[in-house]
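Next comes run-v8.cif, a file with mmCIF, C-alpha atoms.
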```
data_work
#
loop_
_atom_site.label_atom_id
_atom_site.label_comp_id
_atom_site.auth_asym_id
_atom_site.auth_seq_id
_atom_site.Cartn_x
_atom_site.Cartn_y
_atom_site.Cartn_z
CA MET U 1331 34.35 40.04 9.42
CA TYR U 1332 33.37 36.53 10.48
CA ASP U 1333 30.35 36.33 12.73
CA PHE U 1334 30.59 35.74 16.47
CA ASP U 1335 28.35 35.57 19.50
CA TYR U 1336 28.03 38.83 21.37
CA HIS U 1337 27.77 39.04 25.15
CA ARG U 1338 27.15 42.12 27.25
CA PRO U 1339 27.72 41.15 30.90
CA THR U 1340 26.57 43.40 33.72
CA SER U 1341 29.24 42.42 36.24
CA ILE U 1342 32.97 41.69 36.25
CA GLU U 1343 32.26 38.21 37.59
CA GLN U 1344 29.91 37.51 34.70
CA ALA U 1345 32.49 38.81 32.22
CA ALA U 1346 35.22 36.65 33.78
CA ALA U 1347 33.02 33.56 33.60
CA LEU U 1348 32.21 34.25 29.94
CA ILE U 1349 35.83 34.65 28.81
CA SER U 1350 36.84 31.54 30.73
CA SER U 1351 34.12 29.50 29.04
CA ALA U 1352 36.17 28.81 25.88
CA ASP U 1353 39.61 29.47 24.40
CA ASP U 1354 38.68 31.74 21.55
CA VAL U 1355 36.58 34.29 23.40
CA LYS U 1356 37.82 37.89 23.48
CA LEU U 1357 37.05 40.90 25.63
CA LEU U 1358 35.76 43.98 23.80
CA ALA U 1359 36.53 47.40 25.29
CA GLY U 1360 36.27 50.41 22.94
CA GLY U 1361 37.03 48.17 19.98
CA MET U 1362 39.18 50.74 18.20
CA SER U 1363 41.89 48.13 17.52
CA LEU U 1364 39.97 44.88 17.93
CA LEU U 1365 37.20 45.61 15.42
CA PRO U 1366 39.60 46.69 12.64
CA SER U 1367 41.64 43.52 13.16
CA LEU U 1368 38.46 41.41 12.98
CA LYS U 1369 37.36 43.23 9.83
CA MET U 1370 40.72 42.51 8.20
CA ARG U 1371 40.39 38.92 9.38
CA LEU U 1372 43.67 39.17 11.23
CA ALA U 1373 41.83 37.68 14.18
CA ARG U 1374 38.77 35.50 14.66
CA TYR U 1375 36.81 34.71 17.81
CA THR U 1376 33.71 32.64 18.46
CA ALA U 1377 32.44 35.23 20.93
CA LEU U 1378 33.11 38.78 22.11
CA VAL U 1379 32.45 39.82 25.68
CA ASP U 1380 31.67 43.56 25.68
CA LEU U 1381 32.64 45.44 28.85
CA GLY U 1382 30.57 48.45 27.74
CA ALA U 1383 27.81 47.96 30.29
CA LEU U 1384 30.21 47.99 33.27
CA LYS U 1385 29.92 51.66 34.19
CA GLU U 1386 31.92 51.07 37.39
CA LEU U 1387 34.99 50.71 35.14
CA VAL U 1388 34.61 54.29 33.85
CA GLY U 1389 36.02 57.30 35.62
CA VAL U 1390 39.04 59.16 36.97
CA ARG U 1391 39.64 59.83 40.65
CA ARG U 1392 42.42 61.01 42.91
CA GLU U 1393 43.30 58.66 45.77
CA GLY U 1394 46.03 60.15 47.95
CA ALA U 1395 49.27 60.17 45.96
CA GLU U 1396 47.72 58.31 43.03
CA VAL U 1397 45.44 59.02 40.11
CA VAL U 1398 43.19 56.02 39.46
CA ILE U 1399 41.72 55.60 35.99
CA GLY U 1400 39.01 53.02 35.34
CA ALA U 1401 39.83 50.55 32.57
CA MET U 1402 36.86 51.58 30.40
CA THR U 1403 37.58 55.31 30.62
CA PRO U 1404 37.77 56.78 27.12
CA HIS U 1405 40.86 58.75 26.08
CA ALA U 1406 38.76 61.92 25.69
CA VAL U 1407 37.70 61.73 29.34
CA VAL U 1408 41.31 61.38 30.52
CA ALA U 1409 42.39 64.22 28.23
CA ALA U 1410 39.70 66.50 29.69
CA SER U 1411 39.93 65.36 33.32
CA ALA U 1412 40.60 68.12 35.86
CA GLU U 1413 42.24 65.56 38.18
CA VAL U 1414 44.64 64.43 35.46
CA HIS U 1415 45.38 68.01 34.39
CA SER U 1416 46.33 69.05 37.90
CA ALA U 1417 48.19 65.87 38.92
CA ILE U 1418 49.82 64.53 35.72
CA PRO U 1419 49.33 67.06 32.92
CA ALA U 1420 51.62 65.01 30.64
CA LEU U 1421 49.12 62.15 30.80
CA ALA U 1422 46.36 64.49 29.62
CA VAL U 1423 48.60 65.56 26.74
CA LEU U 1424 49.27 61.90 25.90
CA ALA U 1425 45.60 60.90 25.98
CA GLY U 1426 44.63 63.97 23.96
CA GLY U 1427 47.09 63.03 21.22
CA ILE U 1428 45.90 59.48 20.60
CA ALA U 1429 44.49 58.93 17.09
CA ASP U 1430 41.72 61.48 16.38
CA PRO U 1431 38.88 63.03 18.45
CA LEU U 1432 36.29 60.48 17.29
CA VAL U 1433 38.50 57.54 18.24
CA ARG U 1434 39.29 59.24 21.56
CA ASN U 1435 35.56 59.33 22.33
CA ARG U 1436 35.47 55.54 22.16
CA GLY U 1437 38.90 54.01 22.76
CA THR U 1438 39.81 53.12 26.36
CA ILE U 1439 42.94 52.91 28.48
CA GLY U 1440 42.22 49.29 29.45
CA GLY U 1441 41.76 48.27 25.84
CA SER U 1442 44.97 49.98 24.82
CA LEU U 1443 46.97 48.26 27.57
CA ALA U 1444 45.47 44.82 26.95
CA HIS U 1445 46.19 45.16 23.23
CA ALA U 1446 49.74 46.48 23.86
CA ASP U 1447 50.32 47.80 20.38
CA PRO U 1448 54.04 48.56 20.04
CA ALA U 1449 53.21 52.05 18.71
CA ALA U 1450 50.45 52.91 21.20
CA ASP U 1451 50.83 55.95 23.46
CA TYR U 1452 49.49 54.68 26.78
CA PRO U 1453 52.22 52.05 27.36
CA ALA U 1454 54.77 54.91 27.49
CA GLY U 1455 52.72 56.83 30.06
CA VAL U 1456 52.08 53.74 32.18
CA LEU U 1457 55.69 52.51 32.17
CA GLY U 1458 57.01 56.07 32.44
CA CYS U 1459 54.97 56.81 35.56
CA GLY U 1460 55.61 53.38 37.04
CA ALA U 1461 51.87 52.81 37.20
CA THR U 1462 50.17 49.66 38.45
CA ILE U 1463 47.72 47.67 36.33
CA CYS U 1464 44.88 46.33 38.48
CA THR U 1465 42.93 43.31 37.28
CA ASN U 1466 40.08 41.24 38.67
CA LYS U 1467 42.75 38.93 40.14
CA ARG U 1468 45.83 40.95 41.14
CA ARG U 1469 47.96 44.05 40.73
CA ILE U 1470 50.76 44.09 38.16
CA ALA U 1471 53.63 46.60 38.24
CA SER U 1472 54.17 48.22 34.84
CA ASP U 1473 57.78 46.97 34.88
CA ASP U 1474 56.42 43.40 34.86
CA TYR U 1475 53.48 43.98 32.52
CA PHE U 1476 54.79 44.59 28.99
CA LEU U 1477 56.45 41.40 27.73
CA GLY U 1478 56.77 41.96 24.00
CA MET U 1479 54.93 42.86 20.80
CA PHE U 1480 51.18 42.62 21.62
CA GLU U 1481 52.25 40.52 24.59
CA THR U 1482 51.46 41.30 28.24
CA ALA U 1483 51.53 39.56 31.61
CA LEU U 1484 47.72 39.16 31.53
CA GLN U 1485 46.60 35.58 32.03
CA PRO U 1486 43.55 33.96 30.42
CA GLY U 1487 40.43 35.07 32.29
CA GLU U 1488 42.09 38.21 33.62
CA ILE U 1489 40.34 41.56 33.13
CA ILE U 1490 41.96 44.95 33.65
CA THR U 1491 39.76 46.99 36.01
CA SER U 1492 41.84 50.12 36.60
CA VAL U 1493 45.27 51.69 36.32
CA ARG U 1494 46.87 53.45 39.29
CA PHE U 1495 49.32 56.25 38.44
CA PRO U 1496 51.58 57.50 41.24
CA VAL U 1497 51.67 61.28 40.85
CA PRO U 1498 55.18 62.28 39.69
CA GLN U 1499 56.94 65.49 40.65
CA LYS U 1500 57.20 66.36 36.99
CA ALA U 1501 56.44 64.54 33.74
CA GLY U 1502 56.44 65.19 30.02
CA TYR U 1503 55.48 63.36 26.84
CA ALA U 1504 56.63 64.00 23.29
CA LYS U 1505 56.00 61.99 20.17
CA LEU U 1506 56.76 61.99 16.52
CA HIS U 1507 53.44 60.83 15.16
CA GLN U 1508 52.75 58.85 12.05
CA GLN U 1509 50.91 61.37 9.88
CA ALA U 1510 47.93 59.21 8.91
CA SER U 1511 47.26 57.10 12.00
CA ARG U 1512 48.75 59.36 14.70
CA PHE U 1513 50.38 56.30 16.20
CA ALA U 1514 53.83 56.99 17.65
CA VAL U 1515 56.74 56.52 15.27
CA VAL U 1516 58.63 57.34 18.45
CA GLY U 1517 57.07 58.52 21.71
CA VAL U 1518 58.94 59.22 24.93
CA PHE U 1519 57.43 59.72 28.38
CA VAL U 1520 59.71 61.16 31.05
CA ALA U 1521 58.82 61.33 34.75
CA ARG U 1522 60.74 62.60 37.75
CA THR U 1523 59.52 60.82 40.87
CA ALA U 1524 60.65 60.58 44.48
CA ALA U 1525 62.18 57.20 43.58
CA GLY U 1526 64.13 58.53 40.61
CA VAL U 1527 63.69 59.38 36.95
CA ARG U 1528 61.87 57.08 34.55
CA VAL U 1529 62.07 57.28 30.76
CA ALA U 1530 59.78 55.06 28.68
CA VAL U 1531 59.93 54.75 24.90
CA THR U 1532 57.09 53.56 22.66
CA GLY U 1533 56.91 53.07 18.89
CA ALA U 1534 60.62 52.48 18.49
CA ALA U 1535 60.90 48.78 19.35
CA PRO U 1536 58.66 45.69 19.39
CA SER U 1537 57.57 46.70 22.88
CA VAL U 1538 57.69 49.78 25.09
CA PHE U 1539 60.98 49.91 27.02
CA ARG U 1540 62.85 52.01 29.57
CA LEU U 1541 65.92 53.96 28.52
CA LYS U 1542 68.17 53.45 31.53
CA GLU U 1543 71.08 55.60 30.28
CA ALA U 1544 68.76 58.57 29.91
CA GLU U 1545 67.27 57.91 33.35
CA ALA U 1546 70.72 57.96 34.93
CA ALA U 1547 71.70 61.17 33.14
CA LEU U 1548 68.45 62.91 34.07
CA ALA U 1549 68.75 61.78 37.69
CA LYS U 1550 71.91 63.87 37.92
CA LYS U 1551 70.34 66.86 36.22
CA PHE U 1552 66.69 66.96 35.12
CA ASP U 1553 67.27 69.09 32.06
CA ALA U 1554 67.28 68.37 28.32
CA SER U 1555 70.97 69.31 28.20
CA ALA U 1556 71.75 66.24 30.33
CA LEU U 1557 70.83 64.05 27.35
CA ALA U 1558 73.41 65.61 25.03
CA GLY U 1559 75.78 62.65 25.27
CA ILE U 1560 73.16 59.90 25.01
CA ALA U 1561 73.29 57.69 21.91
CA VAL U 1562 70.71 54.97 21.25
CA SER U 1563 71.72 51.90 19.25
CA PRO U 1564 69.45 51.06 16.29
CA ASP U 1565 69.96 47.33 16.98
CA GLY U 1566 66.60 45.72 17.61
CA LEU U 1567 64.58 48.86 16.81
CA ASN U 1568 61.69 48.81 14.32
CA SER U 1569 62.35 49.59 10.68
CA ASP U 1570 59.41 50.15 8.32
CA ILE U 1571 58.06 52.50 5.66
CA HIS U 1572 57.60 55.21 8.27
CA ALA U 1573 61.13 55.26 9.65
CA SER U 1574 64.34 53.27 9.62
CA ALA U 1575 65.81 51.88 12.82
CA GLU U 1576 68.61 54.45 12.59
CA TYR U 1577 66.12 57.32 12.29
CA ARG U 1578 64.08 55.99 15.19
CA ALA U 1579 67.24 55.71 17.32
CA HIS U 1580 67.97 59.36 16.60
CA CYS U 1581 64.38 60.41 17.31
CA VAL U 1582 64.33 58.64 20.69
CA VAL U 1583 66.89 61.12 22.00
CA VAL U 1584 65.19 64.09 20.32
CA MET U 1585 61.79 63.14 21.76
CA ALA U 1586 63.32 62.51 25.18
CA LYS U 1587 64.78 66.02 25.16
CA ARG U 1588 61.45 67.50 24.11
CA ALA U 1589 59.62 65.53 26.79
CA VAL U 1590 61.99 66.85 29.46
CA ALA U 1591 61.65 70.40 28.13
CA ALA U 1592 57.84 70.05 28.23
CA ALA U 1593 57.77 68.44 31.68
CA ALA U 1594 55.41 70.03 34.19
CA MET C 647 19.56 36.25 16.11
CA PRO C 648 19.86 38.81 18.89
CA VAL C 649 17.65 41.89 18.85
CA VAL C 650 19.01 45.39 19.34
CA THR C 651 16.97 48.38 20.42
CA MET C 652 18.11 51.98 20.26
CA THR C 653 16.75 55.47 19.66
CA VAL C 654 17.73 56.87 16.28
CA ASN C 655 16.88 60.50 15.48
CA GLY C 656 14.22 60.46 18.18
CA GLN C 657 12.56 57.24 17.07
CA ARG C 658 12.80 54.02 19.00
CA VAL C 659 13.88 51.25 16.65
CA SER C 660 14.42 47.55 17.09
CA ALA C 661 15.76 44.84 14.78
CA GLU C 662 17.38 41.44 14.63
CA VAL C 663 21.09 41.72 13.87
CA GLU C 664 24.14 39.47 13.80
CA GLY C 665 26.89 39.80 16.38
CA ARG C 666 29.12 41.26 13.69
CA THR C 667 26.61 43.80 12.35
CA LEU C 668 28.19 47.25 12.49
CA LEU C 669 26.26 50.33 13.58
CA VAL C 670 26.71 51.84 10.10
CA GLN C 671 25.24 48.71 8.49
CA PHE C 672 22.33 48.85 10.90
CA LEU C 673 21.68 52.49 10.03
CA ARG C 674 22.06 52.13 6.28
CA GLU C 675 20.75 48.64 5.57
CA HIS C 676 18.15 48.09 8.27
CA LEU C 677 16.87 51.63 8.74
CA ARG C 678 17.68 52.88 5.22
CA LEU C 679 19.29 55.97 6.66
CA THR C 680 21.87 56.25 3.88
CA GLY C 681 23.03 59.75 4.74
CA THR C 682 25.75 58.16 6.88
CA HIS C 683 28.45 57.09 4.45
CA VAL C 684 31.12 54.41 4.44
CA GLY C 685 34.32 55.78 2.96
CA CYS C 686 37.26 53.70 4.08
CA ASP C 687 35.61 51.15 6.40
CA THR C 688 38.84 51.23 8.43
CA SER C 689 38.01 54.02 10.93
CA GLN C 690 40.25 56.53 9.23
CA CYS C 691 38.11 58.76 6.99
CA GLY C 692 35.26 59.72 9.34
CA CYS C 693 32.54 59.66 6.63
CA CYS C 694 30.53 57.36 8.92
CA THR C 695 30.57 59.71 11.92
CA VAL C 696 27.36 59.77 13.96
CA HIS C 697 26.58 60.82 17.52
CA VAL C 698 26.26 58.04 20.10
CA ASN C 699 24.78 59.39 23.34
CA GLY C 700 25.86 62.85 22.19
CA GLN C 701 29.44 62.01 21.25
CA GLY C 702 30.92 61.78 17.76
CA MET C 703 32.02 58.27 16.88
CA LYS C 704 32.90 56.27 13.79
CA SER C 705 29.94 53.98 13.13
CA CYS C 706 32.00 51.67 10.89
CA THR C 707 33.94 50.61 13.98
CA LEU C 708 31.07 50.10 16.42
CA LEU C 709 28.96 47.01 16.78
CA ALA C 710 25.22 47.59 16.52
CA LEU C 711 24.70 45.40 19.59
CA ALA C 712 27.12 47.55 21.58
CA CYS C 713 24.67 50.43 21.05
CA GLU C 714 21.84 48.68 22.91
CA GLY C 715 19.77 51.37 24.60
CA ALA C 716 21.85 54.18 23.08
CA THR C 717 20.61 57.43 21.59
CA ILE C 718 21.93 57.90 18.07
CA THR C 719 21.82 61.03 15.92
CA THR C 720 22.66 60.84 12.22
CA ILE C 721 22.85 63.57 9.59
CA GLU C 722 19.15 62.95 8.87
CA GLY C 723 18.33 63.94 12.43
CA LEU C 724 19.74 67.47 12.34
CA ALA C 725 17.18 69.43 10.33
CA VAL C 726 14.01 70.36 12.22
CA ASP C 727 10.75 70.63 10.26
CA GLY C 728 12.64 70.95 7.00
CA LYS C 729 14.84 73.75 8.31
CA LEU C 730 18.55 72.98 8.06
CA HIS C 731 20.69 72.98 11.20
CA PRO C 732 22.94 76.09 11.43
CA MET C 733 25.99 73.90 10.72
CA GLN C 734 24.33 72.49 7.60
CA GLU C 735 23.40 76.04 6.54
CA ALA C 736 27.03 77.09 7.01
CA PHE C 737 28.31 74.26 4.80
CA HIS C 738 25.78 75.38 2.15
CA GLU C 739 26.61 79.07 2.50
CA HIS C 740 30.41 78.59 2.42
CA HIS C 741 30.37 75.79 -0.13
CA GLY C 742 32.04 73.46 2.37
CA LEU C 743 31.91 70.54 -0.02
CA GLN C 744 32.95 69.44 -3.46
CA CYS C 745 31.75 65.91 -4.23
CA GLY C 746 29.85 65.82 -0.92
CA TYR C 747 30.78 62.30 0.08
CA CYS C 748 32.55 63.26 3.29
CA THR C 749 30.03 66.00 4.16
CA PRO C 750 27.72 64.10 6.55
CA GLY C 751 30.73 62.97 8.58
CA MET C 752 32.27 66.44 8.45
CA ILE C 753 29.09 68.01 9.81
CA MET C 754 28.60 65.42 12.57
CA SER C 755 32.27 65.76 13.52
CA ALA C 756 31.98 69.57 13.45
CA LEU C 757 29.11 69.41 15.94
CA ASP C 758 31.19 67.17 18.22
CA MET C 759 33.96 69.75 17.94
CA VAL C 760 31.58 72.52 19.07
CA ARG C 761 30.49 70.35 21.99
CA ARG C 762 34.11 69.90 23.11
CA LYS C 763 35.69 73.20 22.11
CA GLY C 764 32.88 75.72 22.14
CA ASN C 765 31.55 78.14 19.53
CA ASP C 766 34.58 80.37 19.03
CA LEU C 767 36.86 78.19 16.96
CA ASP C 768 40.05 79.48 15.38
CA GLU C 769 41.34 77.99 12.16
CA SER C 770 44.17 75.96 13.67
CA THR C 771 41.82 74.40 16.25
CA VAL C 772 39.38 73.38 13.53
CA ARG C 773 42.13 71.87 11.40
CA GLU C 774 43.66 69.98 14.32
CA GLN C 775 40.31 68.73 15.60
CA LEU C 776 39.31 67.61 12.12
CA SER C 777 42.12 65.05 11.99
CA GLY C 778 39.61 62.17 12.05
CA ASN C 779 37.83 63.27 8.87
CA LEU C 780 39.27 63.09 5.38
CA CYS C 781 38.08 65.01 2.31
CA ARG C 782 39.62 63.38 -0.75
CA CYS C 783 38.62 66.34 -2.92
CA THR C 784 40.96 68.18 -0.51
CA GLY C 785 38.29 70.84 -0.01
CA TYR C 786 39.42 71.66 3.51
CA HIS C 787 39.66 75.41 3.01
CA ASN C 788 35.92 75.95 2.75
CA ILE C 789 35.11 73.16 5.20
CA VAL C 790 37.15 74.96 7.85
CA LYS C 791 35.42 78.26 7.07
CA ALA C 792 32.02 76.57 7.19
CA ILE C 793 32.72 75.01 10.59
CA GLN C 794 33.88 78.31 12.06
CA ALA C 795 30.77 80.07 10.71
CA GLY C 796 28.45 77.25 11.73
CA ALA C 797 29.80 77.19 15.26
CA ALA C 798 29.31 80.94 15.57
CA ALA C 799 25.79 80.71 14.10
CA MET C 800 24.85 78.01 16.65
CA LYS C 801 25.68 80.48 19.42
CA ARG C 802 23.34 83.06 17.92
CA SER C 803 20.44 80.73 17.23
#
```
Would you mind writing the structure in this file as structure tokens?
Amino acid sequence: MYDFDYHRPTSIEQAAALISSADDVKLLAGGMSLLPSLKMRLARYTALVDLGALKELVGVRREGAEVVIGAMTPHAVVAASAEVHSAIPALAVLAGGIADPLVRNRGTIGGSLAHADPAADYPAGVLGCGATICTNKRRIASDDYFLGMFETALQPGEIITSVRFPVPQKAGYAKLHQQASRFAVVGVFVARTAAGVRVAVTGAAPSVFRLKEAEAALAKKFDASALAGIAVSPDGLNSDIHASAEYRAHCVVVMAKRAVAAAA
Amino acid sequence: MPVVTMTVNGQRVSAEVEGRTLLVQFLREHLRLTGTHVGCDTSQCGCCTVHVNGQGMKSCTLLALACEGATITTIEGLAVDGKLHPMQEAFHEHHGLQCGYCTPGMIMSALDMVRRKGNDLDESTVREQLSGNLCRCTGYHNIVKAIQAGAAAMKRS
């Protein structure tokens, strides 16, 4: 790992000023993806700005019809949160299935969303619930947030502060995990909301995406049997040593059915 | 160079480190606490597991400077006055090791498991919760037994 300057700001404003001070400065959240990529020299920055001292970014709270999760909240806290368990149990399942317990003690929701790994779990939960990503500058709807592989709508100098999840009527998450890393080979988050059904797929393509055909079928009947006729095209899906595009296409439907069956 | 200060196994320590210095390097190379091992250096194997403010974490994927002011416990910090911790005793009693390389991480991870899941651990819980620690001797059978026994012994002691 190449050396870098390390900053530990004590306010969001300070952090924003630090990352705007040069082009190759990066925010550090839990570091569960950033530090490995620095160690492999896949990335190099002159300075890291650690958000670890900003305790106001940690925590889960219920605000009316929404669950609000601070950007620096570790996965383990979300997985164990009574608020999340009662409002969106599928999100607790999702957070509790990320990587391993030691990574879950450190990795954060904000870090995961800023990184936008195509096989990460949180993007499915965020897009599936139709959550809103709040930054130090604005609010971004999940439908406008994920732009591509490791690509988001975040602008330079923008810091995620929290994520607001509207509480769905029912939601479920199911994933086929990669045996070693526990990343999603295919993960599907299904939510039935007052505004309709949302189905978000992670791991299968370069970026998380919504499966509109499945949403339409589930809107008519929210039951796994409604997905019997759904076929997903392998065109544009990921193909690697873990799974071919054809296998992923098949698994998208299987995981969607399981997510619906598990929905609570 | 910046200076980092933290409490390691009850002792306040301070040292100059680089921005890129990892917690495991700080423990092993600055403090000479070599009980914490580096297996994969890619946050997969869990040999480097220590407790940061009471929670199990992989010290190969933490910056030393990010632990400013933190309380760290390593495998060297478990025994009190030469008497092994009940979890260490259980690994000894049940032969929960073969080559021993993964053992410090296994024990620190096992204690984090007890913190999260309590003292009555069934086999499937232990196996599932141990997914962040690899034993390349594949000695899981006795490791699982040791963790179950150690967790139960902690309740009694």
What does the distance between atom CA of C:Asn779 and atom CA of C:Cys748 come to in Å, to one decimal place?
7.7 Å
Could you jot down the atom CA of C:Tyr747 to atom CA of C:Glu774 separation for me, Å, one decimal place?
20.7 Å
As a check of understanding, name the residues that the PyMOL selection byres ((chain U) within 12 of (chain C)) selects in the supplied structure, as a ChimeraX atom specification.
/U:1331-1339,1358-1370,1374-1383,1404,1406-1407,1409-1410,1426-1437,1509-1512
Would you compute an axis-aligned box for stretch 1392-1400 of chain U, covering every atom listed for it in the file with 6 Å of margin on each side, and report centre and edge lengths in Å to one decimal as lines of an AutoDock Vina configuration file?
```
center_x = 44.1
center_y = 57.0
center_z = 41.6
size_x = 22.3
size_y = 20.0
size_z = 24.6
```
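Picked out by the PyMOL selection byres ((chain U and resi 1530) around 7) when it runs on this file: Ala1454, Leu1457, Gly1458, Val1518, Phe1519, Val1520, Arg1528, Val1529, Val1531, Thr1532, Val1538, Phe1539, Arg1540 and Leu1541 of chain U.
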Record the distance separating atom CA of U:Ala1483 and atom CA of U:Pro1536, expressed in Å with one decimal.
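Going from atom CA of U:Ala1483 over to atom CA of U:Pro1536 covers 15.4 Å.
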Residue neighbourhood U:Val1516, 10 Å, all atoms listed in the file, exclusion window fewer than 6 positions, as a list in words
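Everything that qualifies: Ala1449, Ala1450, Asp1451, Ala1504, Lys1505, Leu1506, His1507, Gln1508, Val1531, Thr1532, Gly1533, Ala1534, Ala1535, Asn1568, Ala1573, Tyr1577, Arg1578, Ala1579, His1580, Cys1581, Val1582, Val1583, Val1584, Met1585 and Ala1586 of chain U.
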Take the PyMOL selection byres ((chain C and resi 743-745) around 7), apply it to the structure above, and return the hits as a compact mmCIF listing (two decimals) with C-alpha atoms, in the coordinates of the input.
```
# COMPACT_ATOMS: atom_id res chain seq x y z
CA HIS C 741 30.37 75.79 -0.13
CA GLY C 742 32.04 73.46 2.37
CA GLY C 746 29.85 65.82 -0.92
CA TYR C 747 30.78 62.30 0.08
CA THR C 749 30.03 66.00 4.16
CA CYS C 783 38.62 66.34 -2.92
CA GLY C 785 38.29 70.84 -0.01
CA ILE C 789 35.11 73.16 5.20
```
Between U:Ala1446, U:Glu1543, U:Ser1574, U:Leu1477, which residue has the minimum interatomic distance to U:Gly1559, considering all atoms listed in the file?
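Under the stated criterion, the closest residue is U:Glu1543.
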So which residues touch C:Leu673 within 8 Å, counting only C-alpha atoms, skipping near sequence neighbours fewer than 6 positions away, as JSON, numbers by chain?
{"C": [679, 680, 682]}
Mind dumping the selected residues with C-alpha atoms as a compact mmCIF listing (two decimals), in the frame of the given file?
```txt
# COMPACT_ATOMS: atom_id res chain seq x y z
CA LEU C 679 19.29 55.97 6.66
CA THR C 680 21.87 56.25 3.88
CA THR C 682 25.75 58.16 6.88
```
Of the candidates C:Leu669, C:Val772, C:Gly656, C:Arg678, which one gets nearest to C:Met752 if we count all atoms listed in the file?
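Closest to C:Met752, using all atoms listed in the file: C:Val772.
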Can you find the residues with an atom no farther than 9 Å from (28.9, 75.4, 17.8), counting only C-alpha atoms, and report them as a PyMOL selection string?
chain C and resi 732-733+756-761+763-767+793-801
